[in-house]
>>> print(open('structure_27.cif').read())   # mmCIF, N, CA and C atoms
data_query
loop_
_atom_site.group_PDB
_atom_site.id
_atom_site.type_symbol
_atom_site.label_atom_id
_atom_site.label_comp_id
_atom_site.auth_asym_id
_atom_site.auth_seq_id
_atom_site.Cartn_x
_atom_site.Cartn_y
_atom_site.Cartn_z
ATOM 1 N N MET P 15 52.256 -56.461 -56.703
ATOM 2 C CA MET P 15 51.296 -57.423 -57.119
ATOM 3 C C MET P 15 50.902 -57.073 -58.553
ATOM 4 N N ALA P 16 50.906 -58.081 -59.436
ATOM 5 C CA ALA P 16 50.616 -57.797 -60.841
ATOM 6 C C ALA P 16 49.960 -58.999 -61.506
ATOM 7 N N LEU P 17 49.246 -58.698 -62.564
ATOM 8 C CA LEU P 17 48.646 -59.717 -63.421
ATOM 9 C C LEU P 17 49.247 -59.570 -64.811
ATOM 10 N N LEU P 18 49.534 -60.686 -65.459
ATOM 11 C CA LEU P 18 50.123 -60.670 -66.787
ATOM 12 C C LEU P 18 49.360 -61.638 -67.675
ATOM 13 N N TYR P 19 48.982 -61.182 -68.862
ATOM 14 C CA TYR P 19 48.280 -62.023 -69.831
ATOM 15 C C TYR P 19 48.997 -61.889 -71.167
ATOM 16 N N ILE P 20 49.345 -63.010 -71.770
ATOM 17 C CA ILE P 20 50.010 -63.026 -73.072
ATOM 18 C C ILE P 20 49.118 -63.792 -74.043
ATOM 19 N N TYR P 21 48.698 -63.112 -75.097
ATOM 20 C CA TYR P 21 47.867 -63.721 -76.138
ATOM 21 C C TYR P 21 48.744 -63.900 -77.371
ATOM 22 N N THR P 22 48.880 -65.139 -77.844
ATOM 23 C CA THR P 22 49.741 -65.452 -78.983
ATOM 24 C C THR P 22 48.910 -66.118 -80.075
ATOM 25 N N PRO P 23 48.372 -65.334 -81.025
ATOM 26 C CA PRO P 23 47.568 -65.932 -82.095
ATOM 27 C C PRO P 23 48.402 -66.680 -83.137
ATOM 28 N N SER P 24 49.704 -66.355 -83.246
ATOM 29 C CA SER P 24 50.592 -67.071 -84.166
ATOM 30 C C SER P 24 51.970 -67.174 -83.524
ATOM 31 N N LYS P 25 52.889 -67.884 -84.180
ATOM 32 C CA LYS P 25 54.229 -68.054 -83.617
ATOM 33 C C LYS P 25 55.021 -66.761 -83.594
ATOM 34 N N GLN P 26 54.698 -65.831 -84.471
ATOM 35 C CA GLN P 26 55.491 -64.614 -84.594
ATOM 36 C C GLN P 26 54.837 -63.387 -83.968
ATOM 37 N N PHE P 27 53.600 -63.450 -83.599
ATOM 38 C CA PHE P 27 52.875 -62.278 -83.126
ATOM 39 C C PHE P 27 52.293 -62.548 -81.739
ATOM 40 N N SER P 28 52.444 -61.597 -80.832
ATOM 41 C CA SER P 28 51.853 -61.752 -79.496
ATOM 42 C C SER P 28 51.461 -60.381 -78.946
ATOM 43 N N ILE P 29 50.495 -60.393 -78.062
ATOM 44 C CA ILE P 29 50.031 -59.193 -77.370
ATOM 45 C C ILE P 29 50.157 -59.454 -75.871
ATOM 46 N N ASP P 30 50.851 -58.561 -75.174
ATOM 47 C CA ASP P 30 51.057 -58.670 -73.731
ATOM 48 C C ASP P 30 50.250 -57.584 -73.036
ATOM 49 N N ILE P 31 49.511 -57.965 -72.015
ATOM 50 C CA ILE P 31 48.735 -57.017 -71.221
ATOM 51 C C ILE P 31 49.089 -57.259 -69.755
ATOM 52 N N ASN P 32 49.437 -56.183 -69.039
ATOM 53 C CA ASN P 32 49.719 -56.338 -67.618
ATOM 54 C C ASN P 32 49.074 -55.212 -66.833
ATOM 55 N N ALA P 33 48.734 -55.519 -65.604
ATOM 56 C CA ALA P 33 48.151 -54.545 -64.685
ATOM 57 C C ALA P 33 48.631 -54.891 -63.292
ATOM 58 N N GLY P 34 48.845 -53.874 -62.494
ATOM 59 C CA GLY P 34 49.349 -54.132 -61.155
ATOM 60 C C GLY P 34 49.066 -52.995 -60.203
ATOM 61 N N TYR P 35 49.404 -53.237 -58.970
ATOM 62 C CA TYR P 35 49.231 -52.255 -57.906
ATOM 63 C C TYR P 35 50.602 -51.944 -57.329
ATOM 64 N N ASN P 36 50.968 -50.669 -57.279
ATOM 65 C CA ASN P 36 52.252 -50.233 -56.744
ATOM 66 C C ASN P 36 52.082 -49.807 -55.293
ATOM 67 N N TYR P 37 52.807 -50.468 -54.414
ATOM 68 C CA TYR P 37 52.749 -50.087 -53.005
ATOM 69 C C TYR P 37 53.573 -48.838 -52.735
ATOM 70 N N VAL P 38 54.635 -48.644 -53.497
ATOM 71 C CA VAL P 38 55.477 -47.456 -53.359
ATOM 72 C C VAL P 38 55.674 -46.877 -54.747
ATOM 73 N N GLN P 39 55.276 -45.642 -54.926
ATOM 74 C CA GLN P 39 55.420 -44.955 -56.199
ATOM 75 C C GLN P 39 55.934 -43.560 -55.888
ATOM 76 N N LYS P 40 57.138 -43.244 -56.353
ATOM 77 C CA LYS P 40 57.761 -41.959 -56.038
ATOM 78 C C LYS P 40 57.941 -41.130 -57.300
ATOM 79 N N LEU P 41 57.667 -39.866 -57.180
ATOM 80 C CA LEU P 41 57.865 -38.915 -58.266
ATOM 81 C C LEU P 41 58.487 -37.673 -57.662
ATOM 82 N N GLY P 42 59.649 -37.282 -58.166
ATOM 83 C CA GLY P 42 60.339 -36.110 -57.645
ATOM 84 C C GLY P 42 60.654 -35.133 -58.753
ATOM 85 N N PHE P 43 60.542 -33.851 -58.454
ATOM 86 C CA PHE P 43 60.884 -32.788 -59.388
ATOM 87 C C PHE P 43 62.139 -32.099 -58.880
ATOM 88 N N TYR P 44 63.151 -31.993 -59.744
ATOM 89 C CA TYR P 44 64.439 -31.447 -59.370
ATOM 90 C C TYR P 44 64.750 -30.216 -60.206
ATOM 91 N N ASP P 45 65.639 -29.380 -59.693
ATOM 92 C CA ASP P 45 66.085 -28.191 -60.402
ATOM 93 C C ASP P 45 67.009 -28.610 -61.540
ATOM 94 N N LYS P 46 66.709 -28.201 -62.765
ATOM 95 C CA LYS P 46 67.514 -28.589 -63.921
ATOM 96 C C LYS P 46 68.872 -27.892 -63.935
ATOM 97 N N ASN P 47 69.001 -26.770 -63.265
ATOM 98 C CA ASN P 47 70.233 -25.992 -63.314
ATOM 99 C C ASN P 47 71.254 -26.426 -62.265
ATOM 100 N N LYS P 48 70.893 -27.326 -61.362
ATOM 101 C CA LYS P 48 71.818 -27.774 -60.340
ATOM 102 C C LYS P 48 72.799 -28.775 -60.946
ATOM 103 N N LYS P 49 74.082 -28.531 -60.773
ATOM 104 C CA LYS P 49 75.119 -29.386 -61.343
ATOM 105 C C LYS P 49 75.592 -30.381 -60.289
ATOM 106 N N ILE P 50 75.644 -31.641 -60.688
ATOM 107 C CA ILE P 50 76.186 -32.691 -59.832
ATOM 108 C C ILE P 50 77.104 -33.562 -60.669
ATOM 109 N N ALA P 51 78.024 -34.219 -60.009
ATOM 110 C CA ALA P 51 78.923 -35.131 -60.711
ATOM 111 C C ALA P 51 78.222 -36.469 -60.922
ATOM 112 N N LEU P 52 78.373 -37.036 -62.096
ATOM 113 C CA LEU P 52 77.735 -38.317 -62.383
ATOM 114 C C LEU P 52 78.555 -39.498 -61.880
ATOM 115 N N ALA P 53 79.827 -39.290 -61.615
ATOM 116 C CA ALA P 53 80.658 -40.365 -61.063
ATOM 117 C C ALA P 53 81.255 -39.865 -59.759
ATOM 118 N N PRO P 54 81.123 -40.497 -58.684
ATOM 119 C CA PRO P 54 80.438 -41.744 -58.410
ATOM 120 C C PRO P 54 78.920 -41.536 -58.398
ATOM 121 N N PHE P 55 78.192 -42.622 -58.670
ATOM 122 C CA PHE P 55 76.745 -42.531 -58.814
ATOM 123 C C PHE P 55 76.026 -42.286 -57.497
ATOM 124 N N ASP P 56 76.685 -42.511 -56.361
ATOM 125 C CA ASP P 56 76.005 -42.278 -55.085
ATOM 126 C C ASP P 56 75.783 -40.796 -54.810
ATOM 127 N N SER P 57 76.436 -39.900 -55.577
ATOM 128 C CA SER P 57 76.197 -38.464 -55.403
ATOM 129 C C SER P 57 74.828 -38.042 -55.932
ATOM 130 N N LEU P 58 74.165 -38.902 -56.731
ATOM 131 C CA LEU P 58 72.828 -38.576 -57.218
ATOM 132 C C LEU P 58 71.821 -38.522 -56.073
ATOM 133 N N ASP P 59 72.090 -39.258 -54.987
ATOM 134 C CA ASP P 59 71.190 -39.248 -53.834
ATOM 135 C C ASP P 59 71.312 -37.971 -53.012
ATOM 136 N N ASP P 60 72.336 -37.158 -53.285
ATOM 137 C CA ASP P 60 72.528 -35.911 -52.539
ATOM 138 C C ASP P 60 71.619 -34.791 -53.025
ATOM 139 N N ARG P 61 70.948 -34.994 -54.146
ATOM 140 C CA ARG P 61 70.051 -33.963 -54.665
ATOM 141 C C ARG P 61 68.829 -33.839 -53.767
ATOM 142 N N ILE P 62 68.350 -32.645 -53.626
ATOM 143 C CA ILE P 62 67.152 -32.388 -52.831
ATOM 144 C C ILE P 62 66.031 -32.022 -53.796
ATOM 145 N N PRO P 63 64.934 -32.775 -53.796
ATOM 146 C CA PRO P 63 63.846 -32.470 -54.738
ATOM 147 C C PRO P 63 63.099 -31.201 -54.330
ATOM 148 N N GLN P 64 62.649 -30.449 -55.326
ATOM 149 C CA GLN P 64 61.818 -29.279 -55.047
ATOM 150 C C GLN P 64 60.443 -29.714 -54.580
ATOM 151 N N THR P 65 59.893 -30.741 -55.212
ATOM 152 C CA THR P 65 58.596 -31.316 -54.848
ATOM 153 C C THR P 65 58.711 -32.823 -54.988
ATOM 154 N N GLU P 66 58.106 -33.548 -54.059
ATOM 155 C CA GLU P 66 58.171 -34.999 -54.114
ATOM 156 C C GLU P 66 56.821 -35.582 -53.703
ATOM 157 N N TYR P 67 56.357 -36.558 -54.476
ATOM 158 C CA TYR P 67 55.104 -37.238 -54.184
ATOM 159 C C TYR P 67 55.400 -38.694 -53.874
ATOM 160 N N ASN P 68 54.911 -39.188 -52.762
ATOM 161 C CA ASN P 68 55.041 -40.591 -52.374
ATOM 162 C C ASN P 68 53.638 -41.146 -52.174
ATOM 163 N N LYS P 69 53.164 -41.855 -53.157
ATOM 164 C CA LYS P 69 51.805 -42.401 -53.096
ATOM 165 C C LYS P 69 51.807 -43.804 -53.676
ATOM 166 N N ASN P 70 50.747 -44.523 -53.448
ATOM 167 C CA ASN P 70 50.570 -45.811 -54.091
ATOM 168 C C ASN P 70 49.606 -45.640 -55.257
ATOM 169 N N GLY P 71 49.568 -46.612 -56.146
ATOM 170 C CA GLY P 71 48.691 -46.471 -57.304
ATOM 171 C C GLY P 71 48.701 -47.717 -58.161
ATOM 172 N N ILE P 72 48.056 -47.616 -59.306
ATOM 173 C CA ILE P 72 47.961 -48.737 -60.230
ATOM 174 C C ILE P 72 48.825 -48.469 -61.457
ATOM 175 N N SER P 73 49.217 -49.538 -62.115
ATOM 176 C CA SER P 73 49.955 -49.414 -63.363
ATOM 177 C C SER P 73 49.360 -50.381 -64.380
ATOM 178 N N VAL P 74 49.298 -49.947 -65.631
ATOM 179 C CA VAL P 74 48.730 -50.737 -66.712
ATOM 180 C C VAL P 74 49.663 -50.620 -67.918
ATOM 181 N N GLY P 75 49.893 -51.730 -68.609
ATOM 182 C CA GLY P 75 50.737 -51.705 -69.782
ATOM 183 C C GLY P 75 50.248 -52.674 -70.844
ATOM 184 N N ILE P 76 50.440 -52.286 -72.096
ATOM 185 C CA ILE P 76 50.063 -53.124 -73.238
ATOM 186 C C ILE P 76 51.258 -53.151 -74.191
ATOM 187 N N GLY P 77 51.631 -54.332 -74.653
ATOM 188 C CA GLY P 77 52.734 -54.467 -75.592
ATOM 189 C C GLY P 77 52.342 -55.333 -76.765
ATOM 190 N N ILE P 78 52.807 -54.938 -77.944
ATOM 191 C CA ILE P 78 52.582 -55.715 -79.162
ATOM 192 C C ILE P 78 53.950 -56.162 -79.657
ATOM 193 N N ASN P 79 54.137 -57.463 -79.825
ATOM 194 C CA ASN P 79 55.430 -58.018 -80.207
ATOM 195 C C ASN P 79 55.302 -58.771 -81.526
ATOM 196 N N TYR P 80 56.307 -58.573 -82.356
ATOM 197 C CA TYR P 80 56.402 -59.329 -83.609
ATOM 198 C C TYR P 80 57.822 -59.865 -83.721
ATOM 199 N N ARG P 81 57.950 -61.151 -83.904
ATOM 200 C CA ARG P 81 59.262 -61.795 -84.013
ATOM 201 C C ARG P 81 59.546 -62.111 -85.476
ATOM 202 N N PHE P 82 60.683 -61.671 -85.945
ATOM 203 C CA PHE P 82 61.088 -61.908 -87.341
ATOM 204 C C PHE P 82 61.706 -63.266 -87.518
#
>>> encode(input="structure_27.cif", output="structure tokens")
Amino acid sequence: MALLYIYTPSKQFSIDINAGYNYVQKLGFYDKNKKIALAPFDSLDDRIPQTEYNKNGISVGIGINYRF
């Protein structure tokens, strides 16, 4: 679920603001020294995280755009 607001004071300049609620938010910490093959990409799922957080939360973003 998210809200998006775009403010455009001129044709070339705009400001984007968004906010939302994440029902699933995952963060995993992995060992940097563990070697895995990058091809095929399904081997990336074989990694075991040292620590993993599964929580919900909010997200907020602001963007400034200029079109040439």
>>> closest_residue(input="structure_27.cif", among="P:Ile72, P:Glu66, P:Lys49, P:Ile20", to="P:Asn36", atoms="only C-alpha atoms")
P:Ile72
>>> atom_distance(input="structure_27.cif", atom1="atom N of P:Gln64", atom2="atom CA of P:Met15")
29.3 Å
>>> resolve_selection(input="structure_27.cif", expression="the PyMOL selection byres (((chain P and resi 73 and name CA) around 7) and name CA)", output="list in words")
Ala33, Gly34, Tyr35, Gly71, Ile72, Val74 and Gly75 of chain P
>>> atom_distance(input="structure_27.cif", atom1="atom N of P:Ser24", atom2="atom CA of P:Ile76")
16.6 Å
>>> atom_distance(input="structure_27.cif", atom1="atom CA of P:Ala16", atom2="atom CA of P:Asp30")
12.9 Å
>>> closest_residue(input="structure_27.cif", among="P:Ile29, P:Pro23, P:Leu17, P:Arg61", to="P:Asn79", atoms="only C-alpha atoms")
P:Ile29
>>> closest_residue(input="structure_27.cif", among="P:Asn32, P:Asp45, P:Tyr80, P:Val38", to="P:Leu18", atoms="all atoms listed in the file")
P:Asn32
>>> decode(input="structure_27.cif", residues="stretch 23-41 of chain P", atoms="N, CA and C atoms", output="mmCIF file, in the first residue's frame")
data_model
loop_
_atom_site.group_PDB
_atom_site.id
_atom_site.type_symbol
_atom_site.label_atom_id
_atom_site.label_comp_id
_atom_site.auth_asym_id
_atom_site.auth_seq_id
_atom_site.Cartn_x
_atom_site.Cartn_y
_atom_site.Cartn_z
ATOM 1 N N PRO P 23 5.932 22.195 -10.715
ATOM 2 C CA PRO P 23 5.776 23.647 -10.843
ATOM 3 C C PRO P 23 6.065 24.168 -12.252
ATOM 4 N N SER P 24 6.830 23.406 -13.056
ATOM 5 C CA SER P 24 7.096 23.794 -14.443
ATOM 6 C C SER P 24 7.153 22.531 -15.295
ATOM 7 N N LYS P 25 7.291 22.697 -16.610
ATOM 8 C CA LYS P 25 7.327 21.536 -17.501
ATOM 9 C C LYS P 25 8.578 20.699 -17.318
ATOM 10 N N GLN P 26 9.651 21.300 -16.840
ATOM 11 C CA GLN P 26 10.924 20.596 -16.753
ATOM 12 C C GLN P 26 11.289 20.155 -15.341
ATOM 13 N N PHE P 27 10.606 20.607 -14.341
ATOM 14 C CA PHE P 27 10.987 20.340 -12.961
ATOM 15 C C PHE P 27 9.823 19.692 -12.213
ATOM 16 N N SER P 28 10.108 18.645 -11.455
ATOM 17 C CA SER P 28 9.056 18.008 -10.651
ATOM 18 C C SER P 28 9.664 17.434 -9.373
ATOM 19 N N ILE P 29 8.835 17.322 -8.365
ATOM 20 C CA ILE P 29 9.211 16.727 -7.084
ATOM 21 C C ILE P 29 8.242 15.579 -6.814
ATOM 22 N N ASP P 30 8.788 14.394 -6.561
ATOM 23 C CA ASP P 30 7.992 13.201 -6.278
ATOM 24 C C ASP P 30 8.159 12.835 -4.812
ATOM 25 N N ILE P 31 7.054 12.588 -4.139
ATOM 26 C CA ILE P 31 7.072 12.168 -2.741
ATOM 27 C C ILE P 31 6.215 10.907 -2.638
ATOM 28 N N ASN P 32 6.770 9.858 -2.018
ATOM 29 C CA ASN P 32 5.978 8.650 -1.826
ATOM 30 C C ASN P 32 6.183 8.110 -0.423
ATOM 31 N N ALA P 33 5.162 7.452 0.071
ATOM 32 C CA ALA P 33 5.200 6.816 1.385
ATOM 33 C C ALA P 33 4.348 5.567 1.310
ATOM 34 N N GLY P 34 4.765 4.550 2.022
ATOM 35 C CA GLY P 34 4.018 3.304 1.963
ATOM 36 C C GLY P 34 4.268 2.424 3.164
ATOM 37 N N TYR P 35 3.532 1.351 3.198
ATOM 38 C CA TYR P 35 3.641 0.363 4.266
ATOM 39 C C TYR P 35 4.047 -0.959 3.640
ATOM 40 N N ASN P 36 5.120 -1.565 4.133
ATOM 41 C CA ASN P 36 5.613 -2.841 3.629
ATOM 42 C C ASN P 36 5.090 -3.971 4.503
ATOM 43 N N TYR P 37 4.363 -4.881 3.887
ATOM 44 C CA TYR P 37 3.868 -6.032 4.638
ATOM 45 C C TYR P 37 4.963 -7.064 4.857
ATOM 46 N N VAL P 38 5.898 -7.151 3.927
ATOM 47 C CA VAL P 38 7.025 -8.076 4.051
ATOM 48 C C VAL P 38 8.289 -7.289 3.766
ATOM 49 N N GLN P 39 9.188 -7.264 4.719
ATOM 50 C CA GLN P 39 10.454 -6.564 4.576
ATOM 51 C C GLN P 39 11.530 -7.488 5.121
ATOM 52 N N LYS P 40 12.447 -7.919 4.261
ATOM 53 C CA LYS P 40 13.473 -8.879 4.663
ATOM 54 C C LYS P 40 14.855 -8.247 4.580
ATOM 55 N N LEU P 41 15.656 -8.532 5.562
ATOM 56 C CA LEU P 41 17.042 -8.080 5.598
ATOM 57 C C LEU P 41 17.879 -9.248 6.075
#
